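Novice: First the structure, then my questions, so here it is.
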Amino acid sequence: MIDARVLATFCAHGGRVAAARAAFGGPGGGEDWIDLSTGIAPWAWPLGDLPLGLERLPEPAGIAALEAAAAMAFGVDDPAAIVAVPGTDLAMRLLAGLIPAQRGAVLHPGYGGHRAAWPDAAPVAHLPTDHDLFVLASPANPDGRVTDAEALRDLAGRMTVVVDEAYADPAPGLCGDASDRLVVLRSFGKFYGLPGVRLGFVVAGRRIAAALRATLGDWPVSSAAVAIGTAAYGDAAWRRAQQARIVEAGVTLDDVLAAAGLTIVGSAPLFRLVEGDAGLFERLARHAILTRPFADRPDRLRIGLPRGSAALTRIAAALEIPR
């Protein structure tokens with residue numbers, strides 16, 4: 001049985017392959033770990049020979065072009081409403097200092113980064129009524145629940161609402177409705193399979209957008225992030241192909257999970273939340289498959305999309321699915 005302290009290492013967030021390798025060893029046979037812990041697309045936008053511009057600082061015009069490309073992809077008319085940030089995790093912490101709140105609320109269960117940014121916010125299971133700030137993800141993490149857009153627009157008339165749409169791509173979501181009372185966060189790395197670029201966006205009203213730009217300074221993101229993000233958001237054909245890949249891989253994963261007798265209790269395009277037994281995380285880890293466990297629900301795992309038939313075969317073997 002896995003030690004509780006070891007398990008806690010993997011409950012904070014995904015992507016800790018080095019820690020998993022240290023705890024459970026390697027798969028052998030020249031294979032490596034399959035990381036399904038992060039909910040990141042396993043197909044990355046192809047960089048090719050794209051010039052990354054790392055030999056110079058990013059130009060203001062380049063950052064503006066990136067934000068304009070993101071505005072087009074998100075269905076936002078005014079590019080000034082979009083602020084490029086070095087990842088939405090940092091953006092949340094900066095927004096916490098820019099949005100005054102006396103009675104904040106954070107959707108629970110939800111993303112741990114929301115609680116880290118607003119540690120005094122009360123955890124709530126439903127839309128709040130007597131608060132002045134509400135922070136949530138939609139689709140939610142880890143169950144994929146999508147909160148009704150009209151309900152959030154209405155709520156923003158009574159309090160500030162911060163909606164993390166990290167898993168909403170490629171749909172426009174609420175970006176077109178963003179204001180200083182309805183702030184939307186978007187992540188680049190998950191849908192485009194390039195989390196190491198550390199690129200995200202805040203979509204807000206002019207006041208918050210200007211304050212955030214002032215806080216970030218002249219070079220909010222790297223030259224590489226500017227080049228990659230601008231080109232990727234302009235690649236509509238790849239975006240359509242990526243969406244089709246994600247749907248197909250999700251259907252195939254659902255079949256494998258069902259064959260293993262696991263119950264899918266939540267889903268988003270890039271992950272599934274399954275219910276099984278408390279030993280499921282370790283059983284998969286012993287086959288060098290990393291998933292995302294939860295300290296308060298050891299019978300549940302979040303499982304990202306695998307890439308290709310070889311990964312599915314290893315998952316099936318680890319789940320002891322009869323051939």
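By order in the structure tokens, chains are A, B, ...; within a chain, residues start at 1; ligands start at 1, following the order shown.
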Report the residues of segment 101-162 of chain A whose backbone DSSP state falls under strand (DSSP E), written as a PDB file with N, CA and C atoms, in the first residue's frame.
Specialist:
ATOM      1  N   GLY A 104     -15.017  36.576  -0.316  1.00  0.00           N
ATOM      2  CA  GLY A 104     -14.799  35.782  -1.511  1.00  0.00           C
ATOM      3  C   GLY A 104     -15.273  34.352  -1.346  1.00  0.00           C
ATOM      4  N   ALA A 105     -15.591  33.711  -2.470  1.00  0.00           N
ATOM      5  CA  ALA A 105     -15.993  32.306  -2.485  1.00  0.00           C
ATOM      6  C   ALA A 105     -15.301  31.618  -3.656  1.00  0.00           C
ATOM      7  N   VAL A 106     -14.920  30.361  -3.442  1.00  0.00           N
ATOM      8  CA  VAL A 106     -14.253  29.556  -4.469  1.00  0.00           C
ATOM      9  C   VAL A 106     -15.012  28.249  -4.612  1.00  0.00           C
ATOM     10  N   LEU A 107     -15.278  27.849  -5.857  1.00  0.00           N
ATOM     11  CA  LEU A 107     -16.001  26.605  -6.093  1.00  0.00           C
ATOM     12  C   LEU A 107     -15.188  25.416  -5.602  1.00  0.00           C
ATOM     13  N   ALA A 122     -14.205  31.403   0.908  1.00  0.00           N
ATOM     14  CA  ALA A 122     -14.954  30.264   1.438  1.00  0.00           C
ATOM     15  C   ALA A 122     -15.219  29.245   0.333  1.00  0.00           C
ATOM     16  N   PRO A 123     -15.006  27.952   0.606  1.00  0.00           N
ATOM     17  CA  PRO A 123     -15.346  26.934  -0.400  1.00  0.00           C
ATOM     18  C   PRO A 123     -16.861  26.751  -0.480  1.00  0.00           C
ATOM     19  N   VAL A 124     -17.406  26.775  -1.685  1.00  0.00           N
ATOM     20  CA  VAL A 124     -18.849  26.608  -1.875  1.00  0.00           C
ATOM     21  C   VAL A 124     -19.085  25.601  -2.983  1.00  0.00           C
ATOM     22  N   LEU A 133     -17.155  38.161  -4.377  1.00  0.00           N
ATOM     23  CA  LEU A 133     -16.247  37.587  -5.360  1.00  0.00           C
ATOM     24  C   LEU A 133     -16.516  36.092  -5.442  1.00  0.00           C
ATOM     25  N   PHE A 134     -16.557  35.569  -6.670  1.00  0.00           N
ATOM     26  CA  PHE A 134     -16.711  34.134  -6.865  1.00  0.00           C
ATOM     27  C   PHE A 134     -15.705  33.688  -7.902  1.00  0.00           C
ATOM     28  N   VAL A 135     -14.914  32.657  -7.569  1.00  0.00           N
ATOM     29  CA  VAL A 135     -13.883  32.126  -8.446  1.00  0.00           C
ATOM     30  C   VAL A 135     -14.220  30.674  -8.761  1.00  0.00           C
ATOM     31  N   LEU A 136     -14.214  30.326 -10.033  1.00  0.00           N
ATOM     32  CA  LEU A 136     -14.536  28.953 -10.430  1.00  0.00           C
ATOM     33  C   LEU A 136     -13.869  28.622 -11.746  1.00  0.00           C
ATOM     34  N   ALA A 137     -13.813  27.336 -12.043  1.00  0.00           N
ATOM     35  CA  ALA A 137     -13.399  26.870 -13.362  1.00  0.00           C
ATOM     36  C   ALA A 137     -14.620  26.312 -14.075  1.00  0.00           C
ATOM     37  N   THR A 160     -18.131  40.296  -8.367  1.00  0.00           N
ATOM     38  CA  THR A 160     -17.099  40.001  -9.358  1.00  0.00           C
ATOM     39  C   THR A 160     -16.982  38.496  -9.516  1.00  0.00           C
ATOM     40  N   VAL A 161     -16.965  38.038 -10.759  1.00  0.00           N
ATOM     41  CA  VAL A 161     -16.848  36.615 -11.063  1.00  0.00           C
ATOM     42  C   VAL A 161     -15.574  36.397 -11.872  1.00  0.00           C
ATOM     43  N   VAL A 162     -14.726  35.484 -11.422  1.00  0.00           N
ATOM     44  CA  VAL A 162     -13.512  35.101 -12.142  1.00  0.00           C
ATOM     45  C   VAL A 162     -13.712  33.673 -12.631  1.00  0.00           C
TER      46      VAL A 162
END
Novice: List every residue of segment 238-282 of chain A that has an atom at most 12 Å from any atom of segment 179-190 of chain A, and for each one report the closest atom pair and its distance in Å to one decimal, counting only C-alpha atoms, with rows sorted by chain and then by increasing residue number, as a Markdown table.
Specialist:
| residue | atom | partner | partner_atom | distance |
| --- | --- | --- | --- | --- |
| A:Gln242 | CA | A:Lys190 | CA | 11.4 |
| A:Ile246 | CA | A:Lys190 | CA | 11.5 |
| A:Pro269 | CA | A:Lys190 | CA | 10.8 |
| A:Leu270 | CA | A:Lys190 | CA | 8.3 |
| A:Phe271 | CA | A:Lys190 | CA | 10.9 |
Novice: Mind writing the picked residues with all heavy atoms as a PDB file, in the first residue's frame?
Specialist:
ATOM      1  N   GLN A 242      -7.035  19.181 -34.232  1.00  0.00           N
ATOM      2  CA  GLN A 242      -6.807  18.875 -32.818  1.00  0.00           C
ATOM      3  C   GLN A 242      -8.118  18.548 -32.113  1.00  0.00           C
ATOM      4  O   GLN A 242      -8.191  17.594 -31.321  1.00  0.00           O
ATOM      5  CB  GLN A 242      -6.115  20.053 -32.132  1.00  0.00           C
ATOM      6  CG  GLN A 242      -5.824  19.870 -30.654  1.00  0.00           C
ATOM      7  CD  GLN A 242      -4.597  19.014 -30.396  1.00  0.00           C
ATOM      8  OE1 GLN A 242      -4.287  18.094 -31.152  1.00  0.00           O
ATOM      9  NE2 GLN A 242      -3.894  19.304 -29.309  1.00  0.00           N
ATOM     10  N   ILE A 246      -8.989  14.986 -30.211  1.00  0.00           N
ATOM     11  CA  ILE A 246      -9.385  14.945 -28.807  1.00  0.00           C
ATOM     12  C   ILE A 246     -10.687  14.165 -28.643  1.00  0.00           C
ATOM     13  O   ILE A 246     -10.815  13.325 -27.733  1.00  0.00           O
ATOM     14  CB  ILE A 246      -9.515  16.373 -28.255  1.00  0.00           C
ATOM     15  CG1 ILE A 246      -8.120  17.008 -28.094  1.00  0.00           C
ATOM     16  CG2 ILE A 246     -10.260  16.394 -26.927  1.00  0.00           C
ATOM     17  CD1 ILE A 246      -8.131  18.488 -27.790  1.00  0.00           C
ATOM     18  N   PRO A 269     -13.264  17.521 -22.309  1.00  0.00           N
ATOM     19  CA  PRO A 269     -12.614  16.976 -23.502  1.00  0.00           C
ATOM     20  C   PRO A 269     -11.229  16.393 -23.252  1.00  0.00           C
ATOM     21  O   PRO A 269     -10.873  15.376 -23.857  1.00  0.00           O
ATOM     22  CB  PRO A 269     -12.555  18.189 -24.435  1.00  0.00           C
ATOM     23  CG  PRO A 269     -13.762  18.984 -24.064  1.00  0.00           C
ATOM     24  CD  PRO A 269     -13.878  18.837 -22.572  1.00  0.00           C
ATOM     25  N   LEU A 270     -10.447  16.977 -22.338  1.00  0.00           N
ATOM     26  CA  LEU A 270      -9.073  16.527 -22.145  1.00  0.00           C
ATOM     27  C   LEU A 270      -8.864  15.594 -20.956  1.00  0.00           C
ATOM     28  O   LEU A 270      -7.735  15.179 -20.705  1.00  0.00           O
ATOM     29  CB  LEU A 270      -8.149  17.743 -21.999  1.00  0.00           C
ATOM     30  CG  LEU A 270      -7.903  18.531 -23.283  1.00  0.00           C
ATOM     31  CD1 LEU A 270      -7.137  19.810 -22.996  1.00  0.00           C
ATOM     32  CD2 LEU A 270      -7.142  17.683 -24.300  1.00  0.00           C
ATOM     33  N   PHE A 271      -9.914  15.226 -20.235  1.00  0.00           N
ATOM     34  CA  PHE A 271      -9.731  14.297 -19.119  1.00  0.00           C
ATOM     35  C   PHE A 271     -11.043  13.632 -18.742  1.00  0.00           C
ATOM     36  O   PHE A 271     -12.126  14.077 -19.127  1.00  0.00           O
ATOM     37  CB  PHE A 271      -9.108  14.992 -17.905  1.00  0.00           C
ATOM     38  CG  PHE A 271      -9.961  16.088 -17.308  1.00  0.00           C
ATOM     39  CD1 PHE A 271     -11.016  15.807 -16.448  1.00  0.00           C
ATOM     40  CD2 PHE A 271      -9.699  17.428 -17.584  1.00  0.00           C
ATOM     41  CE1 PHE A 271     -11.799  16.808 -15.894  1.00  0.00           C
ATOM     42  CE2 PHE A 271     -10.476  18.442 -17.039  1.00  0.00           C
ATOM     43  CZ  PHE A 271     -11.527  18.123 -16.193  1.00  0.00           C
TER      44      PHE A 271
END
Novice: Write out as a PyMOL selection string the residues lying within 9 Å of Trp219 of chain A, counting only C-alpha atoms and excluding same-chain residues fewer than 5 positions away.
Specialist: chain A and resi 57-60+63
Novice: What is the atom CA of Arg103 of chain A-atom CA of Ala151 of chain A distance in Å, reported with one decimal?
Specialist: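 Atom CA of Ala151 of chain A lies 19.6 Å from atom CA of Arg103 of chain A.
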Novice: What's the 10 Å shell around Leu52 of chain A, counting only C-alpha atoms, without same-chain residues fewer than 5 positions away, as a ChimeraX atom specification?
Specialist: /A:47,222-228
Novice: Just the helix (DSSP H, G or I) stuff from segment 159-228 of chain A, please, per backbone DSSP, written as a PyMOL selection string.
Specialist: chain A and resi 175-177+189-192+195-197+206-216+223-228
Novice: Here is a test: counting only C-alpha atoms, which residue of A:Val221, A:Ile208, A:Val251, A:Ala19 is nearest to Leu305 of chain A?
Specialist: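 Checking each candidate against Leu305 of chain A, we get A:Val251 as the closest.
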Novice: Can you tell me which residues surround Ala69 of chain A at a distance of at most 9 Å, considering only C-alpha atoms, apart from same-chain residues fewer than 6 positions away, and format the answer as a ChimeraX atom specification?
Specialist: /A:79,229-234
Novice: For atom CA of Asp77 of chain A and atom CA of Arg198 of chain A, determine how far apart the two atoms are, in Å to one decimal place.
Specialist: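 Computing it gives 24.5 Å between the two atoms.
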Novice: Pick the closest to Asp32 of chain A from A:Ser309, A:Gly193, A:Leu290, A:Glu320: which is it, counting only C-alpha atoms?
Specialist: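 Closest to Asp32 of chain A, using only C-alpha atoms: A:Leu290.
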Novice: Excluding Ala140 of chain A and any residue of its chain fewer than 6 positions from it, enumerate the residues within 8 Å of it, using only C-alpha atoms, and give them as a list in words.
Specialist: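 My reading of the contact set: Gly110, Tyr111 and Val146 of chain A.
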Novice: When distances are computed from only C-alpha atoms, which of A:Ala96, A:Ala80, A:Ala260, A:Ala64 shows the smallest separation from Pro220 of chain A?
Specialist: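 Closest candidate: A:Ala64.
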Novice: May I ask which of the residues A:Phe201, A:Phe10, A:Phe294, A:Phe74 is the closest one to Asp35 of chain A, counting only C-alpha atoms?
Specialist: A:Phe10
